[in-house]
$ cat upload_8.json   # JSON, C-alpha atoms
[["chain", "number", "residue", "atom", "x", "y", "z"],
["A", 150, "MET", "CA", -27.63, -17.25, -35.85],
["A", 151, "ILE", "CA", -30.64, -14.97, -35.46],
["A", 152, "ASP", "CA", -31.10, -12.75, -38.51],
["A", 153, "LEU", "CA", -31.72, -9.08, -37.84],
["A", 154, "PRO", "CA", -32.24, -6.23, -40.27],
["A", 155, "LYS", "CA", -28.95, -4.69, -41.33],
["A", 156, "ASP", "CA", -27.67, -1.86, -39.11],
["A", 157, "THR", "CA", -30.17, -2.76, -36.36],
["A", 158, "PRO", "CA", -28.44, -1.95, -33.03],
["A", 159, "LEU", "CA", -28.33, -5.00, -30.75],
["A", 160, "PRO", "CA", -29.89, -4.60, -27.31],
["A", 161, "ARG", "CA", -27.38, -5.01, -24.50],
["A", 162, "VAL", "CA", -27.31, -8.28, -22.60],
["A", 163, "THR", "CA", -28.27, -7.89, -18.94],
["A", 164, "LEU", "CA", -27.02, -9.74, -15.89],
["A", 165, "ARG", "CA", -30.56, -10.98, -15.27],
["A", 166, "GLN", "CA", -30.59, -12.57, -18.73],
["A", 167, "VAL", "CA", -27.28, -14.27, -18.03],
["A", 168, "GLU", "CA", -28.64, -15.55, -14.70],
["A", 169, "ALA", "CA", -31.67, -16.99, -16.50],
["A", 170, "PHE", "CA", -29.44, -18.61, -19.13],
["A", 171, "ARG", "CA", -27.24, -20.17, -16.45],
["A", 172, "ALA", "CA", -30.26, -21.43, -14.53],
["A", 173, "VAL", "CA", -31.72, -23.09, -17.65],
["A", 174, "MET", "CA", -28.36, -24.67, -18.48],
["A", 175, "ARG", "CA", -27.99, -26.03, -14.95],
["A", 176, "THR", "CA", -31.57, -27.26, -14.50],
["A", 177, "HIS", "CA", -32.26, -28.29, -18.13],
["A", 178, "GLY", "CA", -35.69, -26.64, -18.23],
["A", 179, "MET", "CA", -37.56, -23.34, -18.11],
["A", 180, "THR", "CA", -39.86, -24.37, -15.26],
["A", 181, "SER", "CA", -37.08, -25.58, -12.96],
["A", 182, "ALA", "CA", -35.01, -22.52, -13.85],
["A", 183, "ALA", "CA", -37.97, -20.32, -12.90],
["A", 184, "GLN", "CA", -38.19, -22.07, -9.54],
["A", 185, "MET", "CA", -34.45, -21.59, -9.02],
["A", 186, "LEU", "CA", -34.73, -17.86, -9.70],
["A", 187, "SER", "CA", -38.10, -17.44, -7.92],
["A", 188, "ILE", "CA", -39.74, -15.95, -11.01],
["A", 189, "SER", "CA", -42.39, -17.18, -13.43],
["A", 190, "GLN", "CA", -41.70, -19.55, -16.32],
["A", 191, "PRO", "CA", -42.84, -16.99, -18.93],
["A", 192, "ALA", "CA", -40.39, -14.49, -17.41],
["A", 193, "VAL", "CA", -37.53, -16.97, -17.92],
["A", 194, "SER", "CA", -38.63, -17.57, -21.54],
["A", 195, "ARG", "CA", -38.71, -13.83, -22.16],
["A", 196, "LEU", "CA", -35.22, -13.37, -20.68],
["A", 197, "ILE", "CA", -33.78, -16.14, -22.82],
["A", 198, "ALA", "CA", -35.45, -14.78, -25.97],
["A", 199, "ASP", "CA", -34.11, -11.28, -25.23],
["A", 200, "MET", "CA", -30.64, -12.68, -24.64],
["A", 201, "GLU", "CA", -30.68, -14.57, -27.91],
["A", 202, "LEU", "CA", -31.77, -11.39, -29.66],
["A", 203, "GLY", "CA", -29.12, -9.31, -27.96],
["A", 204, "LEU", "CA", -26.33, -11.78, -28.76],
["A", 205, "GLY", "CA", -27.58, -12.64, -32.20],
["A", 206, "LEU", "CA", -27.16, -16.33, -31.30],
["A", 207, "LYS", "CA", -29.56, -19.23, -31.04],
["A", 208, "LEU", "CA", -28.98, -20.81, -27.65],
["A", 209, "PHE", "CA", -31.60, -23.55, -27.40],
["A", 210, "GLU", "CA", -33.42, -25.97, -29.68],
["A", 211, "ARG", "CA", -37.00, -26.29, -28.50],
["A", 212, "ASN", "CA", -38.76, -29.64, -28.76],
["A", 213, "GLY", "CA", -42.03, -29.22, -26.91],
["A", 214, "PRO", "CA", -41.30, -28.73, -23.21],
["A", 215, "ARG", "CA", -37.71, -29.92, -23.59],
["A", 216, "LEU", "CA", -34.75, -27.68, -24.33],
["A", 217, "LYS", "CA", -31.50, -28.73, -25.93],
["A", 218, "PRO", "CA", -28.59, -26.31, -25.69],
["A", 219, "THR", "CA", -26.89, -25.51, -28.97],
["A", 220, "ASP", "CA", -23.14, -25.63, -29.44],
["A", 221, "ASN", "CA", -23.24, -21.87, -29.05],
["A", 222, "ALA", "CA", -24.85, -22.27, -25.62],
["A", 223, "LEU", "CA", -22.33, -24.88, -24.49],
["A", 224, "ARG", "CA", -19.42, -22.67, -25.45],
["A", 225, "LEU", "CA", -21.02, -19.62, -23.87],
["A", 226, "MET", "CA", -21.72, -21.49, -20.63],
["A", 227, "GLU", "CA", -17.99, -21.96, -20.07],
["A", 228, "GLU", "CA", -17.50, -18.21, -20.10],
["A", 229, "VAL", "CA", -20.57, -17.59, -17.95],
["A", 230, "GLU", "CA", -19.27, -19.94, -15.25],
["A", 231, "ARG", "CA", -15.95, -18.08, -15.22],
["A", 232, "VAL", "CA", -17.84, -14.82, -14.76],
["A", 233, "PHE", "CA", -19.92, -16.20, -11.91],
["A", 234, "LEU", "CA", -16.81, -17.59, -10.24],
["A", 235, "GLY", "CA", -15.41, -14.07, -10.41],
["A", 236, "LEU", "CA", -18.63, -12.70, -8.90],
["A", 237, "HIS", "CA", -18.35, -15.23, -6.09],
["A", 238, "GLN", "CA", -14.79, -14.09, -5.43],
["A", 239, "ILE", "CA", -15.99, -10.49, -5.35],
["A", 240, "GLU", "CA", -18.65, -11.41, -2.78],
["A", 241, "GLN", "CA", -16.02, -13.17, -0.67],
["A", 242, "ALA", "CA", -13.74, -10.14, -0.90],
["A", 243, "ALA", "CA", -16.61, -7.83, 0.08],
["A", 244, "ARG", "CA", -17.34, -9.92, 3.16],
["A", 245, "THR", "CA", -13.68, -9.78, 4.13],
["A", 246, "ILE", "CA", -13.54, -6.01, 3.60],
["A", 247, "LYS", "CA", -16.69, -5.54, 5.68],
["A", 248, "ARG", "CA", -15.29, -7.61, 8.53],
["A", 249, "PHE", "CA", -11.72, -6.39, 8.31],
["A", 250, "PRO", "CA", -11.08, -3.29, 6.17],
["A", 251, "GLN", "CA", -7.32, -3.88, 6.09],
["A", 252, "THR", "CA", -6.36, -7.38, 4.94],
["A", 253, "LEU", "CA", -2.75, -6.59, 5.89],
["A", 254, "MET", "CA", -2.28, -5.27, 9.40],
["A", 255, "ARG", "CA", 1.00, -3.44, 9.90],
["A", 256, "ILE", "CA", 2.29, -3.56, 13.47],
["A", 257, "ALA", "CA", 5.41, -1.92, 14.90],
["A", 258, "ALA", "CA", 7.11, -2.67, 18.21],
["A", 259, "PRO", "CA", 10.55, -2.25, 19.84],
["A", 260, "PRO", "CA", 12.65, -5.38, 20.32],
["A", 261, "PHE", "CA", 11.68, -5.95, 23.95],
["A", 262, "LEU", "CA", 7.98, -6.15, 23.02],
["A", 263, "SER", "CA", 8.33, -7.90, 19.66],
["A", 264, "LEU", "CA", 9.92, -10.98, 21.23],
["A", 265, "GLU", "CA", 6.80, -12.42, 22.84],
["A", 266, "TYR", "CA", 4.28, -9.77, 23.82],
["A", 267, "VAL", "CA", 3.27, -8.86, 20.27],
["A", 268, "ALA", "CA", 3.07, -12.56, 19.42],
["A", 269, "VAL", "CA", 0.37, -12.98, 22.08],
["A", 270, "VAL", "CA", -1.61, -10.09, 20.58],
["A", 271, "VAL", "CA", -1.24, -11.34, 17.01],
["A", 272, "GLY", "CA", -2.15, -14.88, 18.05],
["A", 273, "ALA", "CA", -5.42, -13.68, 19.55],
["A", 274, "LEU", "CA", -6.13, -11.57, 16.45],
["A", 275, "ARG", "CA", -5.52, -14.49, 14.09],
["A", 276, "ARG", "CA", -7.87, -16.73, 16.06],
["A", 277, "ALA", "CA", -10.58, -14.08, 15.87],
["A", 278, "TYR", "CA", -9.82, -13.01, 12.28],
["A", 279, "PRO", "CA", -8.38, -16.03, 10.38],
["A", 280, "GLU", "CA", -8.14, -13.99, 7.17],
["A", 281, "LEU", "CA", -5.78, -11.49, 8.82],
["A", 282, "ARG", "CA", -2.32, -11.07, 7.34],
["A", 283, "PHE", "CA", 0.20, -9.04, 9.28],
["A", 284, "SER", "CA", 3.65, -7.55, 9.17],
["A", 285, "ILE", "CA", 5.72, -6.75, 12.25],
["A", 286, "HIS", "CA", 8.26, -3.95, 12.05],
["A", 287, "THR", "CA", 10.89, -3.71, 14.80],
["A", 288, "ASP", "CA", 12.44, -0.35, 15.57],
["A", 289, "SER", "CA", 13.22, 2.06, 18.38],
["A", 290, "SER", "CA", 10.32, 3.53, 20.32],
["A", 291, "MET", "CA", 11.03, 7.04, 19.05],
["A", 292, "SER", "CA", 11.03, 5.88, 15.43],
["A", 293, "ILE", "CA", 7.83, 3.89, 15.93],
["A", 294, "ALA", "CA", 6.01, 6.90, 17.37],
["A", 295, "ASP", "CA", 7.08, 8.96, 14.35],
["A", 296, "GLN", "CA", 6.08, 6.23, 11.89],
["A", 297, "ILE", "CA", 2.65, 5.80, 13.48],
["A", 298, "ALA", "CA", 2.12, 9.58, 13.34],
["A", 299, "ARG", "CA", 2.81, 9.43, 9.60],
["A", 300, "GLY", "CA", 0.39, 6.53, 9.13],
["A", 301, "GLN", "CA", 3.02, 3.95, 8.15],
["A", 302, "HIS", "CA", 1.57, 1.33, 10.51],
["A", 303, "HIS", "CA", -1.91, 0.56, 11.77],
["A", 304, "LEU", "CA", -0.84, -0.27, 15.33],
["A", 305, "GLY", "CA", 2.26, 0.43, 17.38],
["A", 306, "PHE", "CA", 3.66, -0.49, 20.77],
["A", 307, "CYS", "CA", 6.38, 1.70, 22.19],
["A", 308, "THR", "CA", 7.75, 3.69, 25.09],
["A", 309, "LEU", "CA", 6.12, 6.94, 24.13],
["A", 310, "PRO", "CA", 8.27, 10.10, 24.08],
["A", 311, "ALA", "CA", 6.90, 12.93, 26.21],
["A", 312, "SER", "CA", 6.60, 15.14, 23.15],
["A", 313, "ALA", "CA", 4.48, 12.69, 21.16],
["A", 314, "ASP", "CA", 1.16, 14.49, 20.77],
["A", 315, "ASP", "CA", 0.52, 13.47, 17.16],
["A", 316, "VAL", "CA", -0.55, 9.87, 17.88],
["A", 317, "ARG", "CA", -3.55, 8.40, 19.65],
["A", 318, "VAL", "CA", -2.89, 6.32, 22.76],
["A", 319, "VAL", "CA", -5.47, 3.54, 23.08],
["A", 320, "HIS", "CA", -3.87, 1.89, 26.10],
["A", 321, "GLU", "CA", -0.93, 2.41, 28.44],
["A", 322, "SER", "CA", 0.77, -0.25, 30.57],
["A", 323, "ARG", "CA", 3.47, -0.29, 33.23],
["A", 324, "VAL", "CA", 5.88, -3.05, 34.17],
["A", 325, "GLU", "CA", 8.78, -3.29, 36.60],
["A", 326, "ALA", "CA", 12.41, -4.06, 35.85],
["A", 327, "VAL", "CA", 13.79, -7.40, 37.06],
["A", 328, "CYS", "CA", 17.25, -8.68, 37.90],
["A", 329, "VAL", "CA", 18.73, -11.54, 35.88],
["A", 330, "LEU", "CA", 21.61, -13.46, 37.42],
["A", 331, "PRO", "CA", 23.44, -16.79, 37.11],
["A", 332, "ARG", "CA", 21.69, -19.68, 38.85],
["A", 333, "SER", "CA", 24.91, -20.41, 40.70],
["A", 334, "HIS", "CA", 25.20, -16.87, 42.10],
["A", 335, "PRO", "CA", 24.76, -16.54, 45.90],
["A", 336, "LEU", "CA", 22.05, -13.88, 45.42],
["A", 337, "ALA", "CA", 19.96, -16.39, 43.42],
["A", 338, "ALA", "CA", 18.66, -17.75, 46.72],
["A", 339, "ASN", "CA", 16.75, -14.48, 47.29],
["A", 340, "ASP", "CA", 13.25, -13.84, 45.94],
["A", 341, "THR", "CA", 14.01, -10.12, 45.60],
["A", 342, "ILE", "CA", 17.28, -8.35, 44.86],
["A", 343, "HIS", "CA", 17.76, -4.94, 46.47],
["A", 344, "VAL", "CA", 20.00, -2.36, 44.86],
["A", 345, "SER", "CA", 22.18, -2.29, 47.98],
["A", 346, "GLN", "CA", 23.13, -5.92, 47.26],
["A", 347, "LEU", "CA", 24.58, -4.93, 43.89],
["A", 348, "GLU", "CA", 27.18, -2.47, 45.13],
["A", 349, "HIS", "CA", 30.15, -4.56, 44.03],
["A", 350, "GLU", "CA", 28.49, -6.81, 41.50],
["A", 351, "PRO", "CA", 29.44, -6.59, 37.79],
["A", 352, "LEU", "CA", 26.42, -5.22, 35.94],
["A", 353, "ILE", "CA", 25.22, -5.39, 32.36],
["A", 354, "VAL", "CA", 22.96, -2.47, 31.51],
["A", 355, "LEU", "CA", 21.24, -0.90, 28.55],
["A", 356, "GLY", "CA", 22.98, 1.97, 26.84],
["A", 357, "GLN", "CA", 22.18, 5.52, 27.89],
["A", 358, "SER", "CA", 19.39, 5.63, 25.29],
["A", 359, "GLY", "CA", 17.53, 2.81, 27.01],
["A", 360, "SER", "CA", 14.18, 3.89, 28.46],
["A", 361, "ILE", "CA", 14.83, 2.44, 31.93],
["A", 362, "ARG", "CA", 18.50, 3.39, 32.16],
["A", 363, "PRO", "CA", 17.90, 6.86, 33.68],
["A", 364, "GLN", "CA", 15.75, 5.34, 36.42],
["A", 365, "ILE", "CA", 18.36, 2.70, 37.19],
["A", 366, "ASN", "CA", 20.96, 5.47, 37.49],
["A", 367, "ASP", "CA", 18.66, 7.34, 39.88],
["A", 368, "VAL", "CA", 18.11, 4.26, 42.06],
["A", 369, "PHE", "CA", 21.84, 3.72, 42.48],
["A", 370, "ALA", "CA", 22.41, 7.43, 43.11],
["A", 371, "ALA", "CA", 19.72, 7.47, 45.81],
["A", 372, "GLU", "CA", 21.59, 4.68, 47.63],
["A", 373, "GLN", "CA", 24.89, 6.50, 47.05],
["A", 374, "ILE", "CA", 26.21, 3.47, 45.18],
["A", 375, "SER", "CA", 28.40, 3.65, 42.11],
["A", 376, "PRO", "CA", 27.26, 0.80, 39.81],
["A", 377, "ASN", "CA", 30.03, -1.52, 38.62],
["A", 378, "ILE", "CA", 29.07, -1.50, 34.95],
["A", 379, "VAL", "CA", 31.09, -4.01, 32.96],
["A", 380, "GLY", "CA", 29.04, -3.87, 29.78],
["A", 381, "GLU", "CA", 26.48, -1.81, 27.94],
["A", 382, "ILE", "CA", 24.17, -3.38, 25.37],
["A", 383, "LEU", "CA", 21.65, -2.14, 22.84],
["A", 384, "PHE", "CA", 19.08, -4.92, 23.11],
["A", 385, "ALA", "CA", 18.09, -6.25, 26.53],
["A", 386, "ALA", "CA", 17.67, -9.79, 25.20],
["A", 387, "THR", "CA", 21.43, -9.93, 24.55],
["A", 388, "ALA", "CA", 22.00, -9.81, 28.29],
["A", 389, "GLY", "CA", 20.70, -13.34, 28.81],
["A", 390, "SER", "CA", 23.65, -14.90, 27.00],
["A", 391, "LEU", "CA", 26.10, -12.64, 28.84],
["A", 392, "VAL", "CA", 24.62, -13.55, 32.22],
["A", 393, "SER", "CA", 24.74, -17.24, 31.30],
["A", 394, "GLU", "CA", 28.46, -16.84, 30.58],
["A", 395, "GLY", "CA", 29.03, -15.29, 34.00],
["A", 396, "VAL", "CA", 29.88, -11.86, 32.64],
["A", 397, "GLY", "CA", 27.65, -10.14, 35.17],
["A", 398, "LEU", "CA", 24.13, -9.50, 36.44],
["A", 399, "ALA", "CA", 21.58, -7.63, 34.39],
["A", 400, "LEU", "CA", 18.69, -5.26, 35.07],
["A", 401, "MET", "CA", 16.08, -5.32, 32.31],
["A", 402, "ASP", "CA", 12.43, -5.32, 31.37],
["A", 403, "PRO", "CA", 10.42, -8.50, 32.17],
["A", 404, "PHE", "CA", 9.65, -9.27, 28.50],
["A", 405, "SER", "CA", 13.30, -9.54, 27.51],
["A", 406, "ALA", "CA", 14.08, -11.41, 30.71],
["A", 407, "ARG", "CA", 11.43, -14.02, 30.01],
["A", 408, "ALA", "CA", 12.62, -14.42, 26.43],
["A", 409, "CYS", "CA", 16.20, -15.16, 27.49],
["A", 410, "ARG", "CA", 15.37, -17.68, 30.25],
["A", 411, "SER", "CA", 17.54, -20.79, 30.44],
["A", 412, "ASN", "CA", 18.68, -23.35, 32.99],
["A", 413, "ALA", "CA", 21.78, -21.24, 33.58],
["A", 414, "ILE", "CA", 19.99, -18.11, 34.82],
["A", 415, "VAL", "CA", 17.27, -17.06, 37.25],
["A", 416, "ILE", "CA", 15.01, -14.01, 37.29],
["A", 417, "ARG", "CA", 14.32, -12.11, 40.49],
["A", 418, "ARG", "CA", 12.27, -9.06, 41.40],
["A", 419, "PHE", "CA", 14.21, -5.86, 41.90],
["A", 420, "MET", "CA", 13.83, -3.16, 44.55],
["A", 421, "PRO", "CA", 13.36, -0.23, 44.64],
["A", 422, "ARG", "CA", 10.91, -0.49, 41.80],
["A", 423, "VAL", "CA", 12.04, 0.71, 38.40],
["A", 424, "GLU", "CA", 9.00, 1.19, 36.19],
["A", 425, "LEU", "CA", 8.84, 1.02, 32.43],
["A", 426, "SER", "CA", 5.74, 2.39, 30.73],
["A", 427, "TYR", "CA", 4.77, 1.64, 27.15],
["A", 428, "SER", "CA", 1.78, 2.57, 25.07],
["A", 429, "MET", "CA", -0.42, 1.01, 22.44],
["A", 430, "ILE", "CA", -0.83, 3.69, 19.78],
["A", 431, "VAL", "CA", -2.55, 4.31, 16.45],
["A", 432, "PRO", "CA", -2.46, 7.25, 14.01],
["A", 433, "LEU", "CA", -4.06, 10.32, 15.56],
["A", 434, "HIS", "CA", -7.15, 10.61, 13.37],
["A", 435, "THR", "CA", -7.66, 6.94, 12.62],
["A", 436, "LYS", "CA", -11.02, 5.28, 13.03],
["A", 437, "LEU", "CA", -10.62, 2.20, 15.20],
["A", 438, "GLY", "CA", -11.71, -0.83, 13.16],
["A", 439, "ASP", "CA", -12.89, -4.05, 14.74],
["A", 440, "PRO", "CA", -9.44, -5.72, 14.79],
["A", 441, "ILE", "CA", -7.80, -2.76, 16.55],
["A", 442, "ALA", "CA", -10.65, -2.59, 19.06],
["A", 443, "PHE", "CA", -10.34, -6.33, 19.58],
["A", 444, "ALA", "CA", -6.57, -6.09, 20.12],
["A", 445, "THR", "CA", -7.11, -3.28, 22.64],
["A", 446, "ARG", "CA", -9.58, -5.42, 24.57],
["A", 447, "ILE", "CA", -7.16, -8.37, 24.57],
["A", 448, "VAL", "CA", -4.41, -6.15, 25.99],
["A", 449, "ARG", "CA", -6.66, -4.63, 28.65],
["A", 450, "GLU", "CA", -8.55, -7.71, 29.76],
["A", 451, "GLU", "CA", -6.19, -10.63, 29.15],
["A", 452, "ILE", "CA", -2.60, -9.38, 28.97],
["A", 453, "GLU", "CA", -2.71, -6.59, 31.55],
["A", 454, "PRO", "CA", -3.49, -8.96, 34.49],
["A", 455, "MET", "CA", -0.45, -11.10, 33.54],
["A", 456, "LEU", "CA", 2.05, -8.25, 33.50],
["A", 457, "PRO", "CA", 3.14, -8.28, 37.18],
["A", 458, "ASP", "CA", 4.27, -11.92, 36.82],
["A", 459, "TRP", "CA", 5.20, -11.94, 33.13],
["A", 460, "ALA", "CA", 8.89, -12.77, 33.65],
["A", 461, "PHE", "CA", 8.10, -15.51, 36.16],
["A", 462, "GLN", "CA", 5.34, -17.42, 34.39],
["A", 463, "ASP", "CA", 6.00, -20.92, 33.08]]
$ encode --input "upload_8.json" --output "structure tokens"
Amino acid sequence: MIDLPKDTPLPRVTLRQVEAFRAVMRTHGMTSAAQMLSISQPAVSRLIADMELGLGLKLFERNGPRLKPTDNALRLMEEVERVFLGLHQIEQAARTIKRFPQTLMRIAAPPFLSLEYVAVVVGALRRAYPELRFSIHTDSSMSIADQIARGQHHLGFCTLPASADDVRVVHESRVEAVCVLPRSHPLAANDTIHVSQLEHEPLIVLGQSGSIRPQINDVFAAEQISPNIVGEILFAATAGSLVSEGVGLALMDPFSARACRSNAIVIRRFMPRVELSYSMIVPLHTKLGDPIAFATRIVREEIEPMLPDWAFQD
């Protein structure tokens, strides 16, 4: 213990002193510690002396040029290493924050996009940003647009309502509806199914709230055909099982069609074209971070060219 006059305030220990102490403990000498810290040997000696004074502890026994740490120093070194491990973790966290401000990326998508499309986007993001964690929320397009507007998610994919002016659209895509039918059906021999060929066929369609349902109604009306609807469903992916069981044919988006492929069904193009548009959206006043910008580029440059054949790709 270093004796000080009574009531003498102790000088505060500095980080630089602790760094010097750690360097001496690790290198076993003032000179090598000085080299490690890129300072002079007298500067290291001064830092150690000031630290001893500030702590009121003797840290080293000096025997000529050799230093022997005291029991106090050995015990203190354990705590110092814990502190430096914490500093290292802080540096790692800072690097992560700098590269990716949000360690958890919240994504929202309707069922027809969450099946496979979003997985492609997230896969590309994870390869580029291995530290990325994500959550995927599935909901209706209208709900997703509202949630993005309120900042509940960082990124959303949805069929955007016409009134949605409180979100920022970073990309918009269009795909065409396809026809899903049993492999054994006579129409399966055709590459394209025309609406006129469905006049008497049992059909499985999305409910009236489905985004492509109004267009399908218009296509049949234009041909003066009354569709033979045998079933309405909420999620397009459900139709695959119904088609496999021979319940009917289905008109749906290509993402759901691809997800429900099996040996029992085939997917064919449908005419006249029924388009489904969906948007990639973020909160209105958000600043696009690197991951969002990267995801946008992946959608534009890599996914967009695949969309016309999405349902038909192996």
$ closest_residue --input "upload_8.json" --among "A:Val324, A:Ala371, A:Met226, A:Met185" --to "Asp458 in chain A" --atoms "all atoms listed in the file"
A:Val324
$ atom_distance --input "upload_8.json" --atom1 "CA of Tyr427 in chain A" --atom2 "CA of Pro403 in chain A"
12.6 Å
$ closest_residue --input "upload_8.json" --among "A:Ile452, A:Leu437, A:Leu253, A:Leu347" --to "Met420 in chain A" --atoms "all atoms listed in the file"
A:Leu347
$ residues_around --input "upload_8.json" --residues "range 180-183 of chain A" --least-positions-apart "6" --cutoff "10 Å" --atoms "all atoms listed in the file" --output "list in words"
Glu168, Ala169, Phe170, Arg171, Ala172, Val173, Met174, Ser189, Gln190, Pro191, Ala192, Val193, Ser194 and Pro214 of chain A
$ closest_residue --input "upload_8.json" --among "A:Ala257, A:Ala385, A:Ala337, A:Leu281" --to "Asp295 in chain A" --atoms "only C-alpha atoms"
A:Ala257
$ residues_around --input "upload_8.json" --residues "Gln346 in chain A" --least-positions-apart "6" --cutoff "12 Å" --atoms "all atoms listed in the file" --output "PyMOL selection string"
chain A and resi 328+335-337+339+352+369+372+374+376-377+398+419-421
$ residues_around --input "upload_8.json" --residues "Ser333 in chain A" --least-positions-apart "4" --cutoff "10 Å" --atoms "all atoms listed in the file" --output "short mmCIF file (atom, residue, chain, number, x, y, z; two decimals) with C-alpha atoms, in the frame of the given file"
data_model
loop_
_atom_site.label_atom_id
_atom_site.label_comp_id
_atom_site.auth_asym_id
_atom_site.auth_seq_id
_atom_site.Cartn_x
_atom_site.Cartn_y
_atom_site.Cartn_z
CA ALA A 337 19.96 -16.39 43.42
CA ALA A 338 18.66 -17.75 46.72
CA SER A 393 24.74 -17.24 31.30
CA GLY A 395 29.03 -15.29 34.00
CA ALA A 413 21.78 -21.24 33.58
CA ILE A 414 19.99 -18.11 34.82
CA VAL A 415 17.27 -17.06 37.25
#
$ atom_distance --input "upload_8.json" --atom1 "CA of Gln166 in chain A" --atom2 "CA of Arg215 in chain A"
19.4 Å
$ atom_distance --input "upload_8.json" --atom1 "CA of Ala268 in chain A" --atom2 "CA of Arg244 in chain A"
26.2 Å
$ residues_around --input "upload_8.json" --residues "Ile416 in chain A" --least-positions-apart "6" --cutoff "12 Å" --atoms "all atoms listed in the file" --output "PyMOL selection string"
chain A and resi 326-332+334+336-342+389+392-393+398-410+458-462
$ closest_residue --input "upload_8.json" --among "A:Gly305, A:Gly178, A:Pro351, A:Gly397" --to "Ser290 in chain A" --atoms "all atoms listed in the file"
A:Gly305
$ closest_residue --input "upload_8.json" --among "A:His302, A:His349, A:Arg323, A:Arg449" --to "Val423 in chain A" --atoms "all atoms listed in the file"
A:Arg323
$ residues_around --input "upload_8.json" --residues "Glu201 in chain A" --least-positions-apart "2" --cutoff "12 Å" --atoms "only C-alpha atoms" --output "PyMOL selection string"
chain A and resi 150-153+159-163+166-167+169-170+194-199+203-210+219+221-222+225
$ axis_aligned_box --input "upload_8.json" --around "range 344-347 of chain A" --padding-each-side "3 Å" --output "AutoDock Vina command-line options"
--center_x 22.3 --center_y -4.1 --center_z 45.9 --size_x 10.6 --size_y 9.6 --size_z 10.1
